[in-house]
$ cat entry_3.cif   # mmCIF, C-alpha atoms and all ligand atoms
data_final
#
loop_
_atom_site.label_atom_id
_atom_site.label_comp_id
_atom_site.auth_asym_id
_atom_site.auth_seq_id
_atom_site.Cartn_x
_atom_site.Cartn_y
_atom_site.Cartn_z
CA MET A 1 -72.27 -64.59 25.78
CA LEU A 2 -74.62 -63.14 23.17
CA GLN A 3 -73.75 -63.14 19.51
CA LEU A 4 -75.58 -62.54 16.26
CA SER A 5 -74.52 -65.07 13.62
CA THR A 6 -76.82 -64.31 10.67
CA ILE A 7 -79.33 -61.73 9.61
CA THR A 8 -81.50 -61.70 6.51
CA ILE A 9 -83.04 -58.37 5.67
CA THR A 10 -85.92 -58.18 3.20
CA HIS A 11 -87.48 -54.90 2.01
CA PHE A 12 -86.30 -53.09 5.12
CA LYS A 13 -85.36 -49.52 4.19
CA ASN A 14 -82.84 -49.62 1.31
CA TYR A 15 -82.33 -53.41 1.49
CA ASP A 16 -83.94 -55.64 -1.12
CA ILE A 17 -83.02 -59.14 0.05
CA THR A 18 -79.63 -59.39 1.71
CA SER A 19 -78.06 -61.85 4.12
CA PHE A 20 -75.07 -61.22 6.33
CA ASP A 21 -73.06 -63.81 8.20
CA PHE A 22 -71.10 -62.60 11.19
CA ASP A 23 -68.43 -65.12 12.03
CA LYS A 24 -66.40 -62.81 14.28
CA ARG A 25 -67.02 -61.00 17.50
CA VAL A 26 -65.90 -57.63 16.16
CA ILE A 27 -67.43 -56.55 12.87
CA GLY A 28 -66.59 -53.46 10.86
CA ILE A 29 -69.13 -52.26 8.32
CA CYS A 30 -67.75 -49.95 5.64
CA GLY A 31 -69.11 -48.12 2.67
CA LEU A 32 -69.87 -44.72 1.25
CA ASN A 33 -72.60 -42.40 2.49
CA GLY A 34 -76.05 -43.81 1.91
CA VAL A 35 -75.15 -47.45 1.21
CA GLY A 36 -77.03 -48.75 4.25
CA LYS A 37 -74.54 -48.98 7.14
CA THR A 38 -76.85 -47.33 9.63
CA ASN A 39 -79.83 -49.27 8.25
CA LEU A 40 -78.00 -52.55 8.89
CA LEU A 41 -77.33 -51.54 12.51
CA ASP A 42 -80.96 -50.51 12.79
CA ALA A 43 -82.11 -53.91 11.49
CA ILE A 44 -80.04 -55.54 14.24
CA TYR A 45 -81.41 -53.09 16.80
CA TYR A 46 -84.91 -53.92 15.57
CA CYS A 47 -84.42 -57.62 16.29
CA CYS A 48 -83.47 -56.75 19.88
CA PHE A 49 -86.05 -54.03 20.61
CA THR A 50 -88.93 -54.91 18.22
CA LYS A 51 -88.66 -51.41 16.79
CA SER A 52 -86.34 -49.05 14.95
CA TYR A 53 -83.99 -46.80 16.89
CA PHE A 54 -84.46 -44.02 14.37
CA SER A 55 -88.04 -44.03 13.08
CA ASN A 56 -91.16 -44.21 15.19
CA SER A 57 -93.39 -45.37 12.37
CA ASP A 58 -92.90 -48.70 10.60
CA ASN A 59 -94.06 -47.04 7.39
CA LEU A 60 -90.63 -45.39 7.29
CA ASN A 61 -88.90 -48.76 7.67
CA ILE A 62 -90.65 -50.46 4.77
CA GLY A 63 -88.68 -50.17 1.52
CA PHE A 64 -90.04 -47.55 -0.86
CA ASP A 65 -92.81 -49.09 -3.05
CA LYS A 66 -92.87 -52.28 -0.94
CA ASP A 67 -95.79 -53.63 1.11
CA GLY A 68 -93.85 -54.72 4.14
CA PHE A 69 -90.53 -55.98 5.43
CA ARG A 70 -89.11 -59.10 7.00
CA LEU A 71 -86.17 -59.53 9.33
CA SER A 72 -84.80 -62.91 10.27
CA ALA A 73 -81.88 -63.18 12.66
CA LEU A 74 -80.10 -66.03 14.34
CA PHE A 75 -78.50 -65.24 17.67
CA LYS A 76 -76.53 -67.45 19.98
CA LYS A 77 -77.10 -66.76 23.67
CA LYS A 78 -75.16 -68.82 26.20
CA GLU A 79 -74.65 -71.46 23.51
CA GLU A 80 -78.38 -71.64 22.77
CA ALA A 81 -79.79 -70.66 19.37
CA GLN A 82 -82.33 -67.83 19.41
CA GLN A 83 -84.17 -67.24 16.16
CA VAL A 84 -85.93 -63.92 15.73
CA ILE A 85 -88.40 -63.43 12.89
CA CYS A 86 -90.22 -60.18 12.35
CA ILE A 87 -92.78 -59.76 9.60
CA CYS A 88 -94.27 -56.32 9.16
CA ARG A 89 -97.15 -55.78 6.74
CA GLY A 90 -97.58 -52.07 7.36
CA ALA A 91 -97.75 -49.80 10.39
CA GLY A 92 -99.41 -51.63 13.28
CA LYS A 93 -99.40 -54.96 11.44
CA LYS A 94 -96.45 -56.82 12.83
CA GLU A 95 -95.67 -60.37 13.87
CA PHE A 96 -92.63 -60.93 15.99
CA SER A 97 -91.52 -64.36 17.09
CA LEU A 98 -88.72 -65.93 19.07
CA ASN A 99 -87.89 -69.54 18.21
CA ASN A 100 -91.15 -69.72 16.24
CA VAL A 101 -93.27 -68.66 19.20
CA PRO A 102 -95.06 -65.40 18.37
CA TYR A 103 -95.23 -62.75 21.08
CA ASP A 104 -98.65 -61.60 22.25
CA ARG A 105 -97.04 -58.47 23.58
CA LEU A 106 -93.90 -57.13 21.87
CA SER A 107 -92.68 -55.67 25.17
CA MET A 108 -92.05 -59.23 26.42
CA HIS A 109 -89.07 -59.42 24.09
CA ILE A 110 -87.23 -56.42 25.55
CA GLY A 111 -84.16 -57.46 27.52
CA ILE A 112 -83.97 -60.97 26.08
CA LEU A 113 -81.38 -59.92 23.50
CA PRO A 114 -79.87 -56.83 25.14
CA ALA A 115 -78.11 -54.20 23.02
CA VAL A 116 -76.65 -50.72 23.36
CA ILE A 117 -76.42 -48.35 20.41
CA ILE A 118 -74.39 -45.17 20.00
CA ALA A 119 -75.51 -43.10 17.01
CA PRO A 120 -74.49 -39.63 15.81
CA ASP A 121 -77.70 -37.85 16.89
CA ASP A 122 -77.40 -39.24 20.40
CA ILE A 123 -75.51 -36.09 21.36
CA GLU A 124 -79.07 -34.76 21.87
CA ILE A 125 -79.11 -36.77 25.11
CA ILE A 126 -76.56 -34.28 26.42
CA ILE A 127 -77.68 -31.03 24.81
CA GLY A 128 -81.33 -31.59 23.86
CA GLY A 129 -84.61 -31.73 25.76
CA SER A 130 -85.41 -34.03 28.67
CA GLU A 131 -87.22 -36.60 26.52
CA GLY A 132 -83.95 -38.00 25.16
CA ARG A 133 -82.58 -38.46 28.68
CA ARG A 134 -85.70 -40.28 29.84
CA LYS A 135 -85.48 -42.47 26.73
CA TYR A 136 -81.88 -43.28 27.65
CA LEU A 137 -82.85 -44.25 31.21
CA ASP A 138 -85.88 -46.22 30.03
CA ALA A 139 -83.86 -48.18 27.45
CA LEU A 140 -81.50 -49.25 30.22
CA LEU A 141 -84.13 -50.04 32.83
CA SER A 142 -86.51 -51.79 30.46
CA GLN A 143 -83.78 -54.20 29.47
CA LEU A 144 -82.89 -54.93 33.07
CA ASP A 145 -86.37 -55.20 34.50
CA ALA A 146 -89.40 -56.39 32.50
CA GLU A 147 -91.69 -55.14 35.25
CA TYR A 148 -90.31 -51.62 34.80
CA LEU A 149 -91.43 -51.52 31.18
CA GLN A 150 -94.91 -52.82 32.07
CA GLN A 151 -95.31 -50.21 34.82
CA LEU A 152 -94.05 -47.45 32.55
CA MET A 153 -96.50 -48.45 29.83
CA THR A 154 -99.35 -48.53 32.33
CA TYR A 155 -98.37 -45.08 33.57
CA ASN A 156 -98.21 -43.66 30.04
CA LYS A 157 -101.59 -45.08 29.14
CA LEU A 158 -103.20 -43.63 32.28
CA LEU A 159 -101.46 -40.32 31.71
CA GLN A 160 -102.92 -40.15 28.21
CA GLN A 161 -106.37 -40.87 29.62
CA ARG A 162 -105.93 -38.17 32.23
CA ASN A 163 -104.85 -35.64 29.63
CA SER A 164 -107.82 -36.51 27.38
CA LEU A 165 -110.08 -36.11 30.37
CA LEU A 166 -108.64 -32.66 31.10
CA LYS A 167 -109.25 -31.69 27.46
CA ARG A 168 -112.80 -32.94 27.66
CA PHE A 169 -113.39 -30.90 30.82
CA ALA A 170 -112.29 -27.80 28.94
CA GLU A 171 -114.46 -28.59 25.92
CA GLN A 172 -117.54 -29.27 28.01
CA GLY A 173 -116.90 -26.36 30.33
CA LYS A 174 -117.40 -28.50 33.44
CA THR A 175 -115.19 -30.77 35.48
CA ASP A 176 -115.72 -34.04 37.27
CA ASP A 177 -113.29 -34.19 40.18
CA THR A 178 -114.36 -37.68 41.22
CA LEU A 179 -113.42 -39.10 37.85
CA LEU A 180 -110.09 -37.28 37.96
CA GLN A 181 -109.49 -38.61 41.44
CA VAL A 182 -110.04 -42.19 40.24
CA LEU A 183 -107.39 -41.80 37.55
CA ASP A 184 -105.02 -40.10 39.98
CA MET A 185 -105.22 -43.04 42.34
CA GLN A 186 -104.47 -45.46 39.51
CA LEU A 187 -101.44 -43.40 38.49
CA LEU A 188 -99.78 -43.68 41.88
CA PRO A 189 -98.52 -47.30 41.93
CA PRO A 190 -96.86 -47.33 38.47
CA ALA A 191 -95.39 -43.84 39.08
CA SER A 192 -93.92 -44.94 42.35
CA TYR A 193 -92.42 -48.10 40.83
CA VAL A 194 -90.78 -46.20 37.97
CA PHE A 195 -89.56 -43.44 40.27
CA GLU A 196 -87.94 -45.83 42.74
CA LYS A 197 -86.18 -47.78 39.98
CA ARG A 198 -84.90 -44.63 38.31
CA LYS A 199 -83.60 -43.37 41.64
CA ILE A 200 -81.80 -46.60 42.48
CA PHE A 201 -80.28 -47.07 39.04
CA CYS A 202 -79.12 -43.48 38.79
CA SER A 203 -77.03 -44.05 41.91
CA GLU A 204 -75.60 -47.17 40.31
CA LEU A 205 -74.86 -45.31 37.09
CA ARG A 206 -73.23 -42.33 38.76
CA PRO A 207 -69.82 -43.84 39.66
CA LEU A 208 -69.65 -45.65 36.31
CA VAL A 209 -70.32 -42.49 34.30
CA HIS A 210 -67.76 -40.70 36.43
CA ASP A 211 -65.09 -43.36 35.77
CA PHE A 212 -65.72 -43.67 32.04
CA TYR A 213 -65.64 -39.91 31.63
CA HIS A 214 -62.29 -39.79 33.38
CA GLN A 215 -60.96 -42.49 31.09
CA LEU A 216 -62.15 -40.76 27.93
CA ALA A 217 -61.57 -37.10 28.71
CA ALA A 218 -58.07 -35.79 28.28
CA ASN A 219 -57.98 -33.64 31.39
CA LYS A 220 -59.15 -34.38 34.87
CA GLU A 221 -62.47 -32.62 34.99
CA GLU A 222 -65.14 -33.40 37.48
CA VAL A 223 -68.37 -34.53 35.88
CA LYS A 224 -71.48 -35.06 37.93
CA PHE A 225 -75.07 -35.90 37.23
CA THR A 226 -78.20 -35.85 39.27
CA TYR A 227 -81.61 -37.41 38.87
CA GLU A 228 -84.26 -34.69 38.84
CA SER A 229 -87.78 -35.55 39.82
CA LYS A 230 -90.42 -33.61 41.72
CA LEU A 231 -91.18 -36.89 43.42
CA LEU A 232 -87.90 -36.56 45.31
CA GLU A 233 -89.50 -33.81 47.42
CA GLU A 234 -93.16 -34.64 47.44
CA ASN A 235 -95.32 -37.66 46.74
CA LEU A 236 -97.31 -37.79 43.51
CA GLU A 237 -100.68 -37.72 45.23
CA SER A 238 -100.03 -34.35 46.79
CA LEU A 239 -98.35 -33.07 43.58
CA LEU A 240 -101.42 -33.98 41.54
CA ASN A 241 -103.66 -32.30 44.08
CA LYS A 242 -101.54 -29.19 44.18
CA ASN A 243 -101.48 -28.91 40.39
CA LYS A 244 -105.13 -29.77 39.82
CA GLU A 245 -106.33 -26.27 38.88
CA LYS A 246 -103.25 -25.61 36.75
CA ASP A 247 -103.76 -28.96 34.98
CA LYS A 248 -107.35 -28.04 34.18
CA ILE A 249 -106.34 -24.69 32.72
CA LEU A 250 -103.44 -26.09 30.65
CA GLN A 251 -105.35 -29.30 29.82
CA ARG A 252 -102.41 -31.53 30.61
CA THR A 253 -100.71 -33.12 33.59
CA ASN A 254 -97.94 -30.88 34.87
CA ALA A 255 -96.26 -33.11 37.42
CA GLY A 256 -95.21 -36.73 37.36
CA ILE A 257 -92.47 -39.06 36.27
CA HIS A 258 -93.05 -38.02 32.64
CA LYS A 259 -91.26 -34.80 33.61
CA ASP A 260 -88.20 -36.47 35.17
CA ASP A 261 -84.78 -35.45 33.91
CA LEU A 262 -81.05 -35.88 34.40
CA SER A 263 -78.83 -32.84 35.02
CA PHE A 264 -75.16 -32.87 34.15
CA TYR A 265 -72.48 -30.69 35.69
CA LEU A 266 -68.88 -30.01 34.75
CA ASN A 267 -66.77 -28.70 37.62
CA GLY A 268 -69.96 -27.57 39.29
CA GLN A 269 -71.44 -25.71 36.32
CA VAL A 270 -74.30 -26.74 34.04
CA PHE A 271 -72.68 -29.09 31.55
CA LYS A 272 -74.36 -28.07 28.33
CA ASN A 273 -73.72 -24.38 28.92
CA ILE A 274 -69.96 -24.70 29.10
CA ALA A 275 -68.85 -28.05 27.68
CA SER A 276 -66.85 -28.26 24.44
CA GLN A 277 -67.81 -30.58 21.59
CA GLY A 278 -65.26 -33.14 22.75
CA GLN A 279 -66.45 -32.98 26.33
CA ARG A 280 -70.04 -33.54 25.20
CA LYS A 281 -68.98 -36.57 23.20
CA SER A 282 -67.02 -37.94 26.13
CA LEU A 283 -70.04 -37.60 28.39
CA LEU A 284 -72.29 -39.28 25.82
CA PHE A 285 -69.90 -42.22 25.53
CA ALA A 286 -69.53 -42.38 29.30
CA LEU A 287 -73.31 -42.63 29.66
CA LYS A 288 -73.61 -45.33 27.02
CA LEU A 289 -70.69 -47.37 28.31
CA ALA A 290 -72.09 -47.13 31.82
CA GLU A 291 -75.35 -48.51 30.41
CA TYR A 292 -73.36 -51.31 28.75
CA GLN A 293 -71.57 -52.10 31.98
CA LEU A 294 -74.73 -52.23 34.07
CA ILE A 295 -76.49 -54.51 31.59
CA LYS A 296 -73.46 -56.76 31.61
CA LYS A 297 -73.45 -56.83 35.40
CA TYR A 298 -77.13 -57.72 35.76
CA LYS A 299 -77.44 -60.10 32.81
CA GLY A 300 -74.15 -61.87 33.40
CA PHE A 301 -73.12 -61.40 29.77
CA SER A 302 -72.29 -58.45 27.53
CA PRO A 303 -74.99 -56.83 25.43
CA ILE A 304 -74.46 -56.34 21.70
CA LEU A 305 -72.83 -52.99 21.01
CA LEU A 306 -73.80 -51.03 17.90
CA LEU A 307 -71.44 -48.15 17.16
CA ASP A 308 -72.60 -45.94 14.31
CA ASP A 309 -70.04 -43.53 12.88
CA VAL A 310 -68.18 -43.13 16.14
CA PHE A 311 -64.90 -42.42 14.33
CA GLU A 312 -66.44 -39.16 13.18
CA LYS A 313 -67.22 -38.34 16.76
CA LEU A 314 -63.96 -38.91 18.59
CA ASP A 315 -60.31 -38.11 18.01
CA ASP A 316 -57.91 -41.00 17.34
CA ASN A 317 -56.75 -41.28 20.94
CA ARG A 318 -60.20 -41.48 22.40
CA MET A 319 -61.31 -43.80 19.63
CA HIS A 320 -58.46 -46.17 20.36
CA GLN A 321 -59.22 -46.12 24.06
CA LEU A 322 -62.84 -46.86 23.34
CA LEU A 323 -62.10 -49.66 20.89
CA HIS A 324 -59.55 -51.13 23.24
CA TRP A 325 -62.06 -51.16 26.05
CA VAL A 326 -64.96 -52.63 24.08
CA CYS A 327 -62.98 -55.09 21.98
CA ASN A 328 -60.13 -56.17 24.24
CA HIS A 329 -61.52 -55.68 27.75
CA ASN A 330 -64.94 -57.09 26.98
CA ASP A 331 -66.22 -60.24 25.40
CA GLY A 332 -69.37 -58.83 23.78
CA GLN A 333 -70.07 -58.59 20.08
CA VAL A 334 -69.42 -55.18 18.54
CA PHE A 335 -70.60 -53.71 15.23
CA ILE A 336 -68.82 -50.58 14.03
CA THR A 337 -69.66 -48.57 10.93
CA ASP A 338 -67.27 -46.27 9.12
CA THR A 339 -67.04 -44.59 5.73
CA HIS A 340 -63.26 -45.11 5.65
CA LYS A 341 -62.28 -48.74 5.41
CA ASP A 342 -58.56 -48.01 5.79
CA ARG A 343 -59.05 -46.15 9.03
CA LEU A 344 -61.05 -49.00 10.51
CA VAL A 345 -58.68 -51.74 9.37
CA GLU A 346 -55.72 -49.80 10.72
CA ALA A 347 -57.36 -49.25 14.09
CA PHE A 348 -58.16 -52.97 14.38
CA SER A 349 -54.65 -53.98 13.46
CA ASN A 350 -53.01 -51.46 15.85
CA LEU A 351 -55.04 -52.87 18.69
CA HIS A 352 -54.55 -56.52 17.63
CA ILE A 353 -58.27 -57.02 17.23
CA ASP A 354 -59.36 -60.02 15.21
CA ALA A 355 -62.21 -58.42 13.29
CA ARG A 356 -64.23 -59.05 10.17
CA VAL A 357 -64.64 -56.06 7.88
CA ILE A 358 -67.68 -56.09 5.59
CA GLU A 359 -67.87 -53.72 2.64
CA LEU A 360 -71.32 -52.64 1.52
N1 LIG B 401 -87.89 -46.78 3.61
C1 LIG B 401 -86.84 -46.73 2.79
N2 LIG B 401 -86.87 -47.38 1.59
C2 LIG B 401 -85.82 -47.34 0.77
N3 LIG B 401 -84.69 -46.69 1.02
C3 LIG B 401 -84.60 -46.04 2.18
C4 LIG B 401 -85.66 -46.03 3.12
N4 LIG B 401 -85.28 -45.30 4.19
C5 LIG B 401 -84.03 -44.88 3.92
N5 LIG B 401 -83.62 -45.32 2.73
C6 LIG B 401 -82.35 -45.08 2.05
O1 LIG B 401 -81.31 -45.66 2.77
C7 LIG B 401 -80.14 -44.92 2.53
C8 LIG B 401 -79.47 -44.52 3.81
O2 LIG B 401 -78.94 -45.59 4.37
P1 LIG B 401 -78.07 -45.42 5.69
O3 LIG B 401 -78.57 -44.32 6.54
O4 LIG B 401 -78.00 -46.77 6.26
O5 LIG B 401 -76.71 -44.99 5.02
P2 LIG B 401 -75.28 -45.00 5.66
O6 LIG B 401 -74.49 -46.03 4.93
O7 LIG B 401 -75.37 -45.10 7.11
O8 LIG B 401 -74.77 -43.56 5.21
P3 LIG B 401 -73.89 -42.48 6.01
O9 LIG B 401 -72.47 -42.86 5.81
O10 LIG B 401 -74.23 -41.22 5.32
O11 LIG B 401 -74.32 -42.49 7.43
C9 LIG B 401 -80.52 -43.65 1.84
O12 LIG B 401 -80.13 -43.73 0.50
C10 LIG B 401 -82.01 -43.61 2.01
O13 LIG B 401 -82.64 -42.98 0.94
MG MG B 402 -75.06 -43.79 8.64
#

$ encode --input "entry_3.cif" --output "structure tokens" --more "lines below"
Ligand SMILES: Nc1ncnc2c1ncn2[C@@H]1O[C@H](COP(=O)(O)OP(=O)(O)OP(=O)(O)O)[C@@H](O)[C@H]1O
Ligand SMILES: [Mg+2]
Amino acid sequence: MLQLSTITITHFKNYDITSFDFDKRVIGICGLNGVGKTNLLDAIYYCCFTKSYFSNSDNLNIGFDKDGFRLSALFKKKEEAQQVICICRGAGKKEFSLNNVPYDRLSMHIGILPAVIIAPDDIEIIIGGSEGRRKYLDALLSQLDAEYLQQLMTYNKLLQQRNSLLKRFAEQGKTDDTLLQVLDMQLLPPASYVFEKRKIFCSELRPLVHDFYHQLAANKEEVKFTYESKLLEENLESLLNKNKEKDKILQRTNAGIHKDDLSFYLNGQVFKNIASQGQRKSLLFALKLAEYQLIKKYKGFSPILLLDDVFEKLDDNRMHQLLHWVCNHNDGQVFITDTHKDRLVEAFSNLHIDARVIEL
């Protein structure tokens, strides 16, 4: 069981100094546009992932005209208190501690306080470029396997070095194949680790996504997804060799796990080409709930669920099914934002959910 009891937010986005106490498992957060509902969810997300879900730079998280921000959160995990404190004094200047022990590497925190977020722009996972789908897979796998995140970070660092090297070759007008070969050899072990994990976990996700989609979608459509990676057909060493001349011309690495993707199909056709808005939303929720379910299975307790504006995304029926599943069939803590307090209160009462509703 993982639960957030208190969070104090100081100079984070639109918050000055505000504390929230969460004495229930299900928490509704209401208020008009722009009051800070999403920012509150993001502050919670930050405490779990050591970064914002929405902005890549901490400069965007610091309150306007402020020098830094501070987040302090008290979680309870399997009856044990877990105190997170994050002090950020500008981009790149961040201290993050758990129970007063500062982390040397922020990545060590990932997976300790697992969470799943569903936000309005997440529909990009279904209809946008492959980056969003890799981010989805990586968020899941990093929380389940600390080694995965380390290997992925190693791969990304080496990939950057390789790409810089390719650029330098072009600038200098001469290449050094031995140097390239050295980097290629270093890329192989982390690539292979990440590839194998992605392959295994995609097979675990597949039946879950299938089931959740069936539960959410009104009609009985067949949804399928596949893991796409060139490494499924050929090992990375030979891919890198094959692409060497192309890489030199384009000055970047054209094959590798950084190109992996997920493909979705609806009744055998490419999902994003034919799916309706509702079908896209159902698939997004199916993916996220499958993530939730897998984390729960491997951790032995439910992750925190952050639902941002999901009422806007689903019709009443689907919303009720979703709420019923997360609130009544699961024991994890759930945060739900909505601009309409009445709608939220009514949904909770219809489903007999004992929730706390906070108005911002
Ligand atoms: N770095 C920042 N410093 C101060 N204010 C910020 C910062 N970043 C964002 N904001 C403000 O936070 C507010 C948005 O908050 P948020 O996105 O949490 O609103 P919301 O309640 O989720 O609204 P909606 O219902 O429209 O989704 C905006 O007024 C925005 O200007
Ligand atoms: Mg919002």

$ closest_atom_pairs --input "entry_3.cif" --of "chain A" --to "ligand MG 402 (chain B)" --cutoff "12 Å" --atoms "all atoms listed in the file" --output "CSV"
residue,atom,partner,partner_atom,distance
A:Ile29,CA,B:MG402,MG,10.3
A:Cys30,CA,B:MG402,MG,10.0
A:Gly31,CA,B:MG402,MG,9.5
A:Leu32,CA,B:MG402,MG,9.1
A:Asn33,CA,B:MG402,MG,6.8
A:Gly34,CA,B:MG402,MG,6.8
A:Val35,CA,B:MG402,MG,8.3
A:Gly36,CA,B:MG402,MG,6.9
A:Lys37,CA,B:MG402,MG,5.4
A:Thr38,CA,B:MG402,MG,4.1
A:Asn39,CA,B:MG402,MG,7.3
A:Leu40,CA,B:MG402,MG,9.2
A:Leu41,CA,B:MG402,MG,9.0
A:Asp42,CA,B:MG402,MG,9.9
A:Phe54,CA,B:MG402,MG,11.0
A:Ile118,CA,B:MG402,MG,11.5
A:Ala119,CA,B:MG402,MG,8.4
A:Pro120,CA,B:MG402,MG,8.3
A:Asp121,CA,B:MG402,MG,10.5
A:Leu306,CA,B:MG402,MG,11.8
A:Leu307,CA,B:MG402,MG,10.2
A:Asp308,CA,B:MG402,MG,6.5
A:Asp309,CA,B:MG402,MG,6.6
A:Val310,CA,B:MG402,MG,10.2
A:Phe311,CA,B:MG402,MG,11.7
A:Glu312,CA,B:MG402,MG,10.8
A:Ile336,CA,B:MG402,MG,10.7
A:Thr337,CA,B:MG402,MG,7.6
A:Asp338,CA,B:MG402,MG,8.2
A:Thr339,CA,B:MG402,MG,8.6
A:Leu360,CA,B:MG402,MG,12.0

$ axis_aligned_box --input "entry_3.cif" --around "ligand LIG 401 (chain B)" --padding-each-side "5 Å" --output "lines of an AutoDock Vina configuration file"
center_x = -80.2
center_y = -44.3
center_z = 4.0
size_x = 25.4
size_y = 16.2
size_z = 16.9

$ atom_distance --input "entry_3.cif" --atom1 "atom CA of Val101 of chain A" --atom2 "atom CA of Arg25 of chain A"
27.4 Å

$ residues_near_point --input "entry_3.cif" --point "(-92.8, -68.4, 15.8)" --cutoff "12 Å" --atoms "only C-alpha atoms" --output "mmCIF file with C-alpha atoms, in the frame of the given file"
data_model
loop_
_atom_site.group_PDB
_atom_site.id
_atom_site.type_symbol
_atom_site.label_atom_id
_atom_site.label_comp_id
_atom_site.auth_asym_id
_atom_site.auth_seq_id
_atom_site.Cartn_x
_atom_site.Cartn_y
_atom_site.Cartn_z
ATOM 1 C CA SER A 72 -84.800 -62.910 10.270
ATOM 2 C CA GLN A 82 -82.330 -67.830 19.410
ATOM 3 C CA GLN A 83 -84.170 -67.240 16.160
ATOM 4 C CA VAL A 84 -85.930 -63.920 15.730
ATOM 5 C CA ILE A 85 -88.400 -63.430 12.890
ATOM 6 C CA CYS A 86 -90.220 -60.180 12.350
ATOM 7 C CA ILE A 87 -92.780 -59.760 9.600
ATOM 8 C CA GLU A 95 -95.670 -60.370 13.870
ATOM 9 C CA PHE A 96 -92.630 -60.930 15.990
ATOM 10 C CA SER A 97 -91.520 -64.360 17.090
ATOM 11 C CA LEU A 98 -88.720 -65.930 19.070
ATOM 12 C CA ASN A 99 -87.890 -69.540 18.210
ATOM 13 C CA ASN A 100 -91.150 -69.720 16.240
ATOM 14 C CA VAL A 101 -93.270 -68.660 19.200
ATOM 15 C CA PRO A 102 -95.060 -65.400 18.370
ATOM 16 C CA TYR A 103 -95.230 -62.750 21.080
ATOM 17 C CA ASP A 104 -98.650 -61.600 22.250
#

$ closest_atom_pairs --input "entry_3.cif" --of "segment 246-304 of chain A" --to "segment 161-179 of chain A" --cutoff "12 Å" --atoms "all atoms listed in the file" --output "CSV"
residue,atom,partner,partner_atom,distance
A:Lys246,CA,A:Leu166,CA,10.5
A:Asp247,CA,A:Leu166,CA,7.2
A:Lys248,CA,A:Leu166,CA,5.7
A:Ile249,CA,A:Ala170,CA,7.7
A:Leu250,CA,A:Leu166,CA,8.4
A:Gln251,CA,A:Leu166,CA,4.9
A:Arg252,CA,A:Asn163,CA,4.9
A:Thr253,CA,A:Asn163,CA,6.3
A:Asn254,CA,A:Asn163,CA,9.9
A:Ala255,CA,A:Asn163,CA,11.9
A:Gly256,CA,A:Arg162,CA,12.0

$ closest_residue --input "entry_3.cif" --among "A:Lys157, A:Lys197, A:Lys93, A:His11" --to "ligand LIG 401 (chain B)" --atoms "only C-alpha atoms and all ligand atoms"
A:His11

$ closest_residue --input "entry_3.cif" --among "A:Asp342, A:Asp184, A:Asp65, A:Asp260" --to "ligand LIG 401 (chain B)" --atoms "all atoms listed in the file"
A:Asp65

$ closest_residue --input "entry_3.cif" --among "A:Asn59, A:Ser349, A:Thr18, A:Thr10" --to "ligand LIG 401 (chain B)" --atoms "all atoms listed in the file"
A:Asn59

$ atom_distance --input "entry_3.cif" --atom1 "atom CA of His329 of chain A" --atom2 "atom P3 of ligand LIG 401 (chain B)"
28.3 Å

$ build_atoms --input "entry_3.cif" --residues "segment 342-352 of chain A" --atoms "N, CA and C atoms" --output "CSV table (one decimal), in the coordinates of the input"
chain,number,residue,atom,x,y,z
A,342,ASP,N,-60.0,-48.0,5.4
A,342,ASP,CA,-58.6,-48.0,5.8
A,342,ASP,C,-58.4,-47.7,7.3
A,343,ARG,N,-59.1,-46.6,7.6
A,343,ARG,CA,-59.0,-46.2,9.0
A,343,ARG,C,-59.5,-47.3,10.0
A,344,LEU,N,-60.5,-47.9,9.6
A,344,LEU,CA,-61.0,-49.0,10.5
A,344,LEU,C,-60.1,-50.2,10.6
A,345,VAL,N,-59.6,-50.6,9.4
A,345,VAL,CA,-58.7,-51.7,9.4
A,345,VAL,C,-57.4,-51.4,10.1
A,346,GLU,N,-56.9,-50.2,10.0
A,346,GLU,CA,-55.7,-49.8,10.7
A,346,GLU,C,-55.9,-49.8,12.2
A,347,ALA,N,-57.1,-49.3,12.6
A,347,ALA,CA,-57.4,-49.2,14.1
A,347,ALA,C,-57.4,-50.7,14.6
A,348,PHE,N,-58.1,-51.6,13.9
A,348,PHE,CA,-58.2,-53.0,14.4
A,348,PHE,C,-56.8,-53.6,14.5
A,349,SER,N,-56.0,-53.3,13.5
A,349,SER,CA,-54.6,-54.0,13.5
A,349,SER,C,-53.7,-53.4,14.6
A,350,ASN,N,-53.8,-52.1,14.8
A,350,ASN,CA,-53.0,-51.5,15.8
A,350,ASN,C,-53.4,-52.0,17.2
A,351,LEU,N,-54.6,-52.4,17.4
A,351,LEU,CA,-55.0,-52.9,18.7
A,351,LEU,C,-55.1,-54.4,18.8
A,352,HIS,N,-54.6,-55.0,17.7
A,352,HIS,CA,-54.6,-56.5,17.6
A,352,HIS,C,-55.9,-57.1,17.8
